[in-house]
Amino acid sequence: MYLEKRFDPAFAAAHALREKQIQQNYRPLIGIHKWFARRPGTLFRNLLLSEFNGEEALASAYWRAHELRGVIADPFMGGGTTVFEANRLGLSVIGSDINPMAHWIVRQGLVGIDRHAFRSAAEIVAASVDESIGDLYRTQCKKCRRLAHVKYFLWVKTESCPFCSAENDLFPGYLLAEAVRHPQHVVVCQACGHLNEYRHVPSRKRPATCVECRGDVYVEGPARRQQIECGRCRRKFTFPQRHLLSRPPEHRMWAIEYHCEQCKPSHTGRFFKAPDGQDLARFTQGAKLLHETNGLPIPNDEIPDGDETARLHRWGYRRYREMFNDRQLLGLGLLLRQILAVPGPTEREALLTVFSDFLRYQNMLCRYDTYALKCQDIFSVHGFPVGLVQCENNVLGFPKVGAGGFRHFIEKYLRAKDYCTHPFETRVDNGRNRKISVPGERIEARFASSATDTGEQRSAWLQAGPAGDVDLLGVSLDGVFTDPPYFDNVQYAKLMDFCFVWLRLGLATAHPEFRVASTRHADELTGNISMARGPEHFGEGLSQVFQRYAAALKPGAPFVFTYHHNDPFVYLPIVVAVLDAQLECLATLPAAAEMGASLHIAGTGSSVLDSVFICRPMGGTRPVQPQDLRALVERDVAAMQAGGVRVTDGDCRCLMAGHMARLAINALRRTWDAAAPIAKRFLAARKTIDGLLASVDPAFISSPIAPPLQKQPRRRPKGNRAVAPASI
């Protein structure tokens with residue numbers, strides 16, 4: 001039982017915390033494709049080494065290469081953290097995920113690639129598209145009058161007044177750029193559209209004067225809480241209007257950020273301009289080309305009903321193609337057509353993966369960050385936020401300027417593959433990050449024909465399907481390491497359909513998992529209002545998976561999983577699943593897992609910590625674990641603080657809930673009846689947790705951190721102050 005003894009929470013937290021701040025620098029492999037809520041690779045490297053590397057201290061073992069032997073399984077592999085870290089250490093892996101996009105992303109991470117052939121194919125594809133439509137992404141520089149590259153086109157939604165039919169811009173605010181990465185604040189005049197620059201932020205109380213029309217300029221926009229006052233008749237109306245929801249919303253181009261290579265050496269800050277007649281004509285030309293070009297591979301799939309897609313329907317989006325404007329559809333269709341013509345299957349599939357990933361920055365739900373002055377991708381908040389101001393990106397992009405273009409994503413993919421060949425770790429020496437190469441390790445697998453064919457080192461068997469369908473007969477697992485879903489988590493399938501409907505146009509012929517209409521599956525383990533799925537459905541499914549994989553464990557092998565929630569009753573499915581699988585929980589360890597500044601976490605009171613559950617098959621002599629809940633939480637808090645975590649009350653409640661779940665498992669394991677109805681099993685687990693809660697001082701539950709620790713400030717998140725911060 002090395003893991004329970006050797007794992008160093010403070011050491012692991014220090015590395016995981018730094019990794020999550022800028023994960024693509026610590027684990028460039030995530031650049032293969034977007035996935036959600038990836039656990040830190042540094043955490044799982046620590047867990048695997050603690051279990052399989054004997055008595056050597058983590059502080060020395062962590063930095064050197066390893067050639068471990070054994071078979072590890074992850075029934076919920078998601079973005080592949082367990083699979084990649086285990087493969088890198090020499091272990092063979094069995095991975096499964098019900099979402100075909102997750103399966104594809106992990107597979108692409110493990111596939112070897114000829115970098116020269118990939119880059120050559122990418123350059124041919126990009127050059128062909130640039131020749132066809134590159135002029136549509138040019139604009140005239142305001143200073144030198146030469147043509148320059150456009151970085152971003154900014155659009156605002158418009159709505160016609162139901163009383164006088166006047167068109168109204170739905171600006172929530174008129175600020176384009178803050179005076180942080182640009183010398184002055186850039187504010188658009190609501191009367192004439194001119195982009196003004198000021199040293200102070202003008203407001204309605206202290207307006208500035210527009211240099212063009214001499215009218216008042218201020219940052220407050222007219223659109224508030226789905227209401228706007230018509231600029232012509234001054235009557236208020238709500239938006240979006242229900243009678244217009246049979247079509248997507250209208251947009252008006254109002255600003256451009258560009259890059260002039262001629263003027264840049266003598267120019268301070270960014271280049272902004274209001275669109276001129278030629279800019280508008282270029283967009284019209286693109287729309288005309290789209291309708292004149294036949295046979296472009298563009299999906300026409302309907303957006304299905306669902307918890308996450310409801311807001312799209314509220315705005316009139318009915319098909320995925322409607323989430324793109326005509327110039328975007330033209331560029332994406334031409335790009336995909338060129339990729340499909342690439343002869344080499346490995347290079348073609350890699351380029352298709354790049355294409356799928358960069359769609360996040362090439363749609364009309366992207367927003368412009370007024371602080372960082374860049375495009376925010378559609379999934380920056382793990383949903384489909386329909387903002388009022390959108391950012392259209394340059395489809396190809398250009399080197400070392402901007403982000404989100406196809407060329408940028410090619411470089412990101414190559415960095416990911418370079419990391420697979422030459423992995424490294426990052427260590428802080430004298431306050432500075434230093435990359436430590438780990439020669440002898442790599443991330444690349446031999447793909448096995450079945451789960452039983454994983455005896456060879458660094459073999460991988462991956463399945464796109466329910467974890468319960470994996471045939472583990474004859475398999476002896478050295479461990480299960482996973483990050484299972486929890487009941488009310490993000491509906492990833494509904495989000496990833498956005499990429500899936502495009503990717504399957506190039507993969508359905510050769511890959512059966514892409515012949516379905518959606519990544520959504522009847523057996524996915526999530527709570528879902530639209531599908532009437534409750535916690536008992538979730539708990540029953542989780543139990544079946546735990547039982548199947550626990551039965552394949554070697555005697556004494558670990559079943560390790562992370563879990564994350566502040567409410568102890570959300571752990572009821574976990575308690576039931578562990579007991580049904582005849583496992584006992586020997587330890588619950590704290591781990592840093594999230595970044596507090598993430599847009600979906602910042603300001604919500606959510607925890608950035610996970611509880612790591614260490615379970616093993618029942619039987620044998622086990623060390624007695626402490627039962628004092630306060631002492632357990634205080635120990636974990638001390639470890640996390642030693643690792644640099646600014647621990648909050650939410651973090652403490654999350655750790656407390658994890659310990660309650662472990663104590664409940666151990667209290668119930670001797671009398672547990674796995675054959676009882678699921679409702680009865682849930683009730684038994686609930687009563688036990690109720691009893692644990694009743695035994696804890698209510699003051700400690702409401703505010704578990706001592707006052708000196710509460711005073712530690714949270715760092716204010718940066719980079720999320722977009723023009724349209726709210727979604728409707």
# chains A, B, ... in the order shown; residues from 1 in each chain; ligands from 1
$ residues_around --residues "A:Gln241" --least-positions-apart "4" --cutoff "12 Å" --atoms "only C-alpha atoms" --output "PDB file with N, CA and C atoms, in the first residue's frame"
ATOM      1  N   THR A 158     -28.195  42.967 -33.421  1.00  0.00           N
ATOM      2  CA  THR A 158     -29.166  44.038 -33.639  1.00  0.00           C
ATOM      3  C   THR A 158     -30.570  43.479 -33.495  1.00  0.00           C
ATOM      4  N   GLU A 159     -31.497  44.357 -33.150  1.00  0.00           N
ATOM      5  CA  GLU A 159     -32.897  43.959 -32.997  1.00  0.00           C
ATOM      6  C   GLU A 159     -33.768  45.122 -33.466  1.00  0.00           C
ATOM      7  N   SER A 160     -34.789  44.817 -34.239  1.00  0.00           N
ATOM      8  CA  SER A 160     -35.689  45.869 -34.715  1.00  0.00           C
ATOM      9  C   SER A 160     -36.742  46.168 -33.657  1.00  0.00           C
ATOM     10  N   CYS A 161     -37.048  47.433 -33.511  1.00  0.00           N
ATOM     11  CA  CYS A 161     -38.041  47.868 -32.530  1.00  0.00           C
ATOM     12  C   CYS A 161     -39.428  47.389 -32.968  1.00  0.00           C
ATOM     13  N   PRO A 162     -40.178  46.731 -32.097  1.00  0.00           N
ATOM     14  CA  PRO A 162     -41.507  46.253 -32.472  1.00  0.00           C
ATOM     15  C   PRO A 162     -42.522  47.388 -32.648  1.00  0.00           C
ATOM     16  N   GLN A 226     -31.932  41.960 -20.891  1.00  0.00           N
ATOM     17  CA  GLN A 226     -32.815  41.593 -21.996  1.00  0.00           C
ATOM     18  C   GLN A 226     -33.817  42.689 -22.343  1.00  0.00           C
ATOM     19  N   GLN A 227     -33.463  43.934 -22.018  1.00  0.00           N
ATOM     20  CA  GLN A 227     -34.297  45.064 -22.397  1.00  0.00           C
ATOM     21  C   GLN A 227     -33.447  46.159 -22.999  1.00  0.00           C
ATOM     22  N   ILE A 228     -34.063  46.940 -23.907  1.00  0.00           N
ATOM     23  CA  ILE A 228     -33.381  48.059 -24.523  1.00  0.00           C
ATOM     24  C   ILE A 228     -34.401  49.150 -24.828  1.00  0.00           C
ATOM     25  N   PHE A 237     -38.307  47.714 -25.108  1.00  0.00           N
ATOM     26  CA  PHE A 237     -38.794  46.398 -25.527  1.00  0.00           C
ATOM     27  C   PHE A 237     -37.775  45.340 -25.113  1.00  0.00           C
ATOM     28  N   LEU A 245     -37.684  34.228 -33.479  1.00  0.00           N
ATOM     29  CA  LEU A 245     -36.814  33.116 -33.092  1.00  0.00           C
ATOM     30  C   LEU A 245     -36.804  31.961 -34.077  1.00  0.00           C
ATOM     31  N   SER A 246     -37.424  32.114 -35.222  1.00  0.00           N
ATOM     32  CA  SER A 246     -37.328  31.089 -36.261  1.00  0.00           C
ATOM     33  C   SER A 246     -36.031  31.235 -37.053  1.00  0.00           C
ATOM     34  N   ARG A 247     -35.254  32.256 -36.772  1.00  0.00           N
ATOM     35  CA  ARG A 247     -33.981  32.485 -37.465  1.00  0.00           C
ATOM     36  C   ARG A 247     -32.946  32.986 -36.461  1.00  0.00           C
ATOM     37  N   PRO A 248     -31.658  32.835 -36.782  1.00  0.00           N
ATOM     38  CA  PRO A 248     -30.621  33.319 -35.861  1.00  0.00           C
ATOM     39  C   PRO A 248     -30.603  34.841 -35.832  1.00  0.00           C
ATOM     40  N   PRO A 249     -29.973  35.437 -34.833  1.00  0.00           N
ATOM     41  CA  PRO A 249     -29.965  36.896 -34.713  1.00  0.00           C
ATOM     42  C   PRO A 249     -29.152  37.569 -35.814  1.00  0.00           C
ATOM     43  N   ARG A 314     -33.263  29.650 -27.614  1.00  0.00           N
ATOM     44  CA  ARG A 314     -33.900  30.904 -27.194  1.00  0.00           C
ATOM     45  C   ARG A 314     -33.489  32.074 -28.074  1.00  0.00           C
ATOM     46  N   TRP A 315     -32.341  31.953 -28.722  1.00  0.00           N
ATOM     47  CA  TRP A 315     -31.864  33.010 -29.609  1.00  0.00           C
ATOM     48  C   TRP A 315     -32.140  32.707 -31.080  1.00  0.00           C
ATOM     49  N   GLY A 316     -32.830  31.620 -31.370  1.00  0.00           N
ATOM     50  CA  GLY A 316     -33.197  31.339 -32.750  1.00  0.00           C
ATOM     51  C   GLY A 316     -32.223  30.477 -33.520  1.00  0.00           C
TER      52      GLY A 316
END
$ closest_atom_pairs --of "stretch 456-555 of chain A" --to "stretch 562-577 of chain A" --cutoff "10 Å" --atoms "only C-alpha atoms" --output "tab-separated table"
residue	atom	partner	partner_atom	distance
A:Phe481	CA	A:Thr562	CA	8.5
A:Thr482	CA	A:Thr562	CA	6.8
A:Asp483	CA	A:Thr562	CA	5.1
A:Pro484	CA	A:Thr562	CA	7.2
A:Pro485	CA	A:Tyr563	CA	8.2
A:Tyr486	CA	A:Tyr563	CA	7.6
A:Phe487	CA	A:Val570	CA	7.3
A:Asp488	CA	A:Val570	CA	8.7
A:Pro535	CA	A:Pro573	CA	7.2
A:Glu536	CA	A:Pro573	CA	7.4
A:His537	CA	A:Pro573	CA	9.4
A:Phe538	CA	A:Pro573	CA	7.1
A:Gly539	CA	A:Pro573	CA	4.3
A:Glu540	CA	A:Ala577	CA	7.6
A:Gly541	CA	A:Ala577	CA	8.7
A:Leu542	CA	A:Ala577	CA	6.0
A:Ser543	CA	A:Ala577	CA	3.9
A:Gln544	CA	A:Ala577	CA	7.5
A:Val545	CA	A:Ala577	CA	8.3
A:Phe546	CA	A:Ala577	CA	6.1
A:Gln547	CA	A:Ala577	CA	7.5
$ select_by_dssp --residues "stretch 368-568 of chain A" --states "strand (DSSP E)" --output "short mmCIF file (atom, residue, chain, number, x, y, z; two decimals) with N, CA and C atoms, in the first residue's frame"
data_model
loop_
_atom_site.label_atom_id
_atom_site.label_comp_id
_atom_site.auth_asym_id
_atom_site.auth_seq_id
_atom_site.Cartn_x
_atom_site.Cartn_y
_atom_site.Cartn_z
N TYR A 368 -14.85 39.14 -27.55
CA TYR A 368 -13.58 39.85 -27.54
C TYR A 368 -13.27 40.29 -26.11
N ASP A 369 -12.09 39.96 -25.64
CA ASP A 369 -11.66 40.30 -24.29
C ASP A 369 -11.10 41.71 -24.30
N LYS A 374 -8.02 40.02 -27.06
CA LYS A 374 -7.95 38.82 -27.88
C LYS A 374 -9.32 38.14 -27.90
N CYS A 375 -9.44 37.18 -28.78
CA CYS A 375 -10.68 36.43 -28.93
C CYS A 375 -10.81 35.40 -27.82
N GLN A 376 -11.99 35.31 -27.24
CA GLN A 376 -12.30 34.25 -26.27
C GLN A 376 -13.06 33.15 -26.99
N VAL A 389 -22.04 40.90 -28.12
CA VAL A 389 -20.97 41.37 -29.01
C VAL A 389 -20.09 40.18 -29.35
N GLN A 390 -19.85 39.96 -30.64
CA GLN A 390 -19.10 38.78 -31.08
C GLN A 390 -17.80 39.17 -31.77
N CYS A 391 -16.89 38.22 -31.79
CA CYS A 391 -15.58 38.41 -32.39
C CYS A 391 -15.38 37.38 -33.50
N GLU A 392 -15.19 37.86 -34.72
CA GLU A 392 -14.88 36.98 -35.86
C GLU A 392 -13.38 36.97 -36.05
N ASN A 393 -12.79 35.80 -36.00
CA ASN A 393 -11.35 35.64 -36.08
C ASN A 393 -10.89 35.49 -37.52
N PHE A 424 8.93 16.74 -20.49
CA PHE A 424 9.70 17.47 -19.49
C PHE A 424 8.81 17.76 -18.30
N GLU A 425 9.44 18.16 -17.21
CA GLU A 425 8.74 18.68 -16.04
C GLU A 425 9.26 20.10 -15.79
N THR A 426 8.52 20.85 -15.02
CA THR A 426 8.90 22.24 -14.74
C THR A 426 9.13 22.40 -13.24
N ARG A 427 10.30 22.88 -12.91
CA ARG A 427 10.68 23.06 -11.52
C ARG A 427 10.98 24.53 -11.26
N VAL A 428 10.64 24.99 -10.08
CA VAL A 428 10.92 26.37 -9.70
C VAL A 428 12.26 26.41 -8.96
N ASP A 429 13.22 27.09 -9.54
CA ASP A 429 14.53 27.27 -8.91
C ASP A 429 14.77 28.76 -8.71
N ARG A 432 12.27 31.05 -10.33
CA ARG A 432 12.11 31.01 -11.79
C ARG A 432 11.82 29.60 -12.25
N ASN A 433 10.94 29.48 -13.25
CA ASN A 433 10.60 28.17 -13.81
C ASN A 433 11.75 27.65 -14.67
N ARG A 434 12.05 26.37 -14.49
CA ARG A 434 13.10 25.74 -15.29
C ARG A 434 12.60 24.39 -15.79
N LYS A 435 12.68 24.19 -17.09
CA LYS A 435 12.24 22.92 -17.66
C LYS A 435 13.31 21.85 -17.42
N ILE A 436 12.85 20.73 -16.90
CA ILE A 436 13.73 19.59 -16.64
C ILE A 436 13.39 18.49 -17.63
N SER A 437 14.27 18.23 -18.57
CA SER A 437 14.04 17.16 -19.54
C SER A 437 14.06 15.81 -18.84
N ARG A 446 1.55 1.41 -28.69
CA ARG A 446 1.18 0.36 -29.64
C ARG A 446 -0.27 0.04 -29.36
N PHE A 447 -1.14 0.16 -30.36
CA PHE A 447 -2.56 -0.07 -30.15
C PHE A 447 -2.86 -1.56 -30.18
N SER A 459 1.43 -0.62 -24.29
CA SER A 459 0.31 -0.95 -25.16
C SER A 459 -0.91 -0.13 -24.73
N ALA A 460 -1.84 0.04 -25.64
CA ALA A 460 -3.07 0.78 -25.33
C ALA A 460 -4.24 0.14 -26.04
N TRP A 461 -5.30 -0.09 -25.29
CA TRP A 461 -6.57 -0.51 -25.89
C TRP A 461 -7.61 0.52 -25.48
N LEU A 462 -8.15 1.21 -26.48
CA LEU A 462 -9.10 2.28 -26.24
C LEU A 462 -10.45 1.91 -26.84
N GLN A 463 -11.50 2.23 -26.10
CA GLN A 463 -12.85 1.94 -26.59
C GLN A 463 -13.69 3.22 -26.57
N ALA A 464 -14.43 3.43 -27.66
CA ALA A 464 -15.43 4.51 -27.71
C ALA A 464 -16.78 3.88 -27.41
N GLY A 479 -4.12 -1.66 -11.47
CA GLY A 479 -4.73 -0.50 -10.83
C GLY A 479 -5.77 0.15 -11.72
N VAL A 480 -6.70 0.84 -11.09
CA VAL A 480 -7.66 1.70 -11.78
C VAL A 480 -7.44 3.11 -11.26
N PHE A 481 -7.21 4.04 -12.17
CA PHE A 481 -7.02 5.45 -11.83
C PHE A 481 -7.95 6.24 -12.74
N THR A 482 -8.86 7.00 -12.14
CA THR A 482 -9.85 7.66 -12.97
C THR A 482 -10.40 8.91 -12.31
N PHE A 559 -7.81 1.03 -6.44
CA PHE A 559 -8.87 1.64 -7.25
C PHE A 559 -8.91 3.09 -6.79
N VAL A 560 -8.36 3.98 -7.61
CA VAL A 560 -8.14 5.37 -7.22
C VAL A 560 -9.00 6.28 -8.08
N PHE A 561 -9.69 7.21 -7.45
CA PHE A 561 -10.47 8.18 -8.24
C PHE A 561 -10.53 9.52 -7.51
N THR A 562 -10.70 10.55 -8.29
CA THR A 562 -10.85 11.90 -7.74
C THR A 562 -12.32 12.29 -7.77
N TYR A 563 -12.70 13.16 -6.84
CA TYR A 563 -14.08 13.64 -6.79
C TYR A 563 -14.07 15.04 -6.22
#
$ residues_around --residues "A:Thr421" --least-positions-apart "2" --cutoff "8 Å" --atoms "only C-alpha atoms" --output "mmCIF file with C-alpha atoms, in the first residue's frame"
data_model
loop_
_atom_site.group_PDB
_atom_site.id
_atom_site.type_symbol
_atom_site.label_atom_id
_atom_site.label_comp_id
_atom_site.auth_asym_id
_atom_site.auth_seq_id
_atom_site.Cartn_x
_atom_site.Cartn_y
_atom_site.Cartn_z
ATOM 1 C CA LYS A 417 3.751 16.148 -30.439
ATOM 2 C CA ASP A 418 7.212 17.496 -29.614
ATOM 3 C CA TYR A 419 6.326 17.136 -25.944
ATOM 4 C CA PRO A 423 8.566 15.166 -22.256
ATOM 5 C CA GLU A 441 10.233 8.707 -21.349
ATOM 6 C CA ARG A 442 7.805 9.292 -24.217
ATOM 7 C CA ILE A 443 4.089 9.314 -24.963
ATOM 8 C CA GLU A 444 3.266 6.943 -27.801
#
$ residues_around --residues "A:Glu4" --least-positions-apart "3" --cutoff "9 Å" --atoms "only C-alpha atoms" --output "list in words"
Met1, Phe7, Ser50, Glu51, Leu586, Ala587, Thr588, Leu589 and Ile614 of chain A
$ write_last_selection --atoms "C-alpha atoms" --output "compact mmCIF listing (two decimals), in the first residue's frame"
# COMPACT_ATOMS: atom_id res chain seq x y z
CA MET A 1 0.00 0.00 0.00
CA PHE A 7 1.90 10.29 -1.61
CA SER A 50 3.63 6.82 -5.27
CA GLU A 51 2.00 3.44 -5.93
CA LEU A 586 -8.39 3.37 2.97
CA ALA A 587 -7.63 7.05 2.54
CA THR A 588 -8.99 10.31 1.22
CA LEU A 589 -6.17 12.63 0.19
CA ILE A 614 -7.76 5.35 -2.38
$ atom_distance --atom1 "atom CA of A:Gln285" --atom2 "atom CA of A:Thr139"
13.9 Å
$ closest_residue --among "A:Glu55, A:Asp497, A:Asp649, A:Asp114" --to "A:Glu308" --atoms "only C-alpha atoms"
A:Asp497
$ closest_residue --among "A:Ser60, A:Ser165, A:Thr209, A:Thr82" --to "A:Leu43" --atoms "only C-alpha atoms"
A:Thr82
$ select_by_dssp --residues "stretch 264-357 of chain A" --states "alpha helix (DSSP H)" --output "number ranges by chain"
A: 277-292, 310-314, 326-340, 345-357
$ residues_around --residues "A:Met640" --least-positions-apart "4" --cutoff "9 Å" --atoms "only C-alpha atoms" --output "list in words"
Pro9, Ala10, Ala13, Ala14, Pro590, Ala591, Ala592, Leu609, Arg635, Asp636, Gly644, Val645, Arg646 and Val647 of chain A
$ residues_around --residues "A:Pro439" --least-positions-apart "5" --cutoff "8 Å" --atoms "only C-alpha atoms" --output "PyMOL selection string"
chain A and resi 64-65+422-423
$ write_last_selection --atoms "all heavy atoms" --output "short mmCIF file (atom, residue, chain, number, x, y, z; two decimals), in the first residue's frame"
data_model
loop_
_atom_site.label_atom_id
_atom_site.label_comp_id
_atom_site.auth_asym_id
_atom_site.auth_seq_id
_atom_site.Cartn_x
_atom_site.Cartn_y
_atom_site.Cartn_z
N ARG A 64 12.98 11.96 -12.77
CA ARG A 64 13.75 11.07 -13.63
C ARG A 64 12.84 10.13 -14.42
O ARG A 64 11.64 10.02 -14.13
CB ARG A 64 14.75 10.25 -12.80
CG ARG A 64 14.12 9.26 -11.84
CD ARG A 64 15.18 8.40 -11.16
NE ARG A 64 14.60 7.38 -10.29
CZ ARG A 64 14.15 6.20 -10.73
NH1 ARG A 64 14.21 5.91 -12.02
NH2 ARG A 64 13.63 5.32 -9.87
N ALA A 65 13.41 9.48 -15.42
CA ALA A 65 12.64 8.59 -16.29
C ALA A 65 12.34 7.27 -15.59
O ALA A 65 13.08 6.83 -14.70
CB ALA A 65 13.41 8.32 -17.58
N HIS A 422 9.66 14.34 -26.41
CA HIS A 422 10.65 14.81 -25.42
C HIS A 422 9.92 15.43 -24.24
O HIS A 422 9.92 16.66 -24.06
CB HIS A 422 11.59 15.84 -26.06
CG HIS A 422 12.27 15.35 -27.30
ND1 HIS A 422 13.26 14.41 -27.27
CD2 HIS A 422 12.08 15.67 -28.62
CE1 HIS A 422 13.68 14.16 -28.51
NE2 HIS A 422 12.97 14.92 -29.34
N PRO A 423 9.31 14.61 -23.39
CA PRO A 423 8.57 15.17 -22.26
C PRO A 423 9.50 15.84 -21.25
O PRO A 423 10.70 15.53 -21.18
CB PRO A 423 7.88 13.95 -21.65
CG PRO A 423 8.69 12.78 -22.08
CD PRO A 423 9.26 13.14 -23.42
#
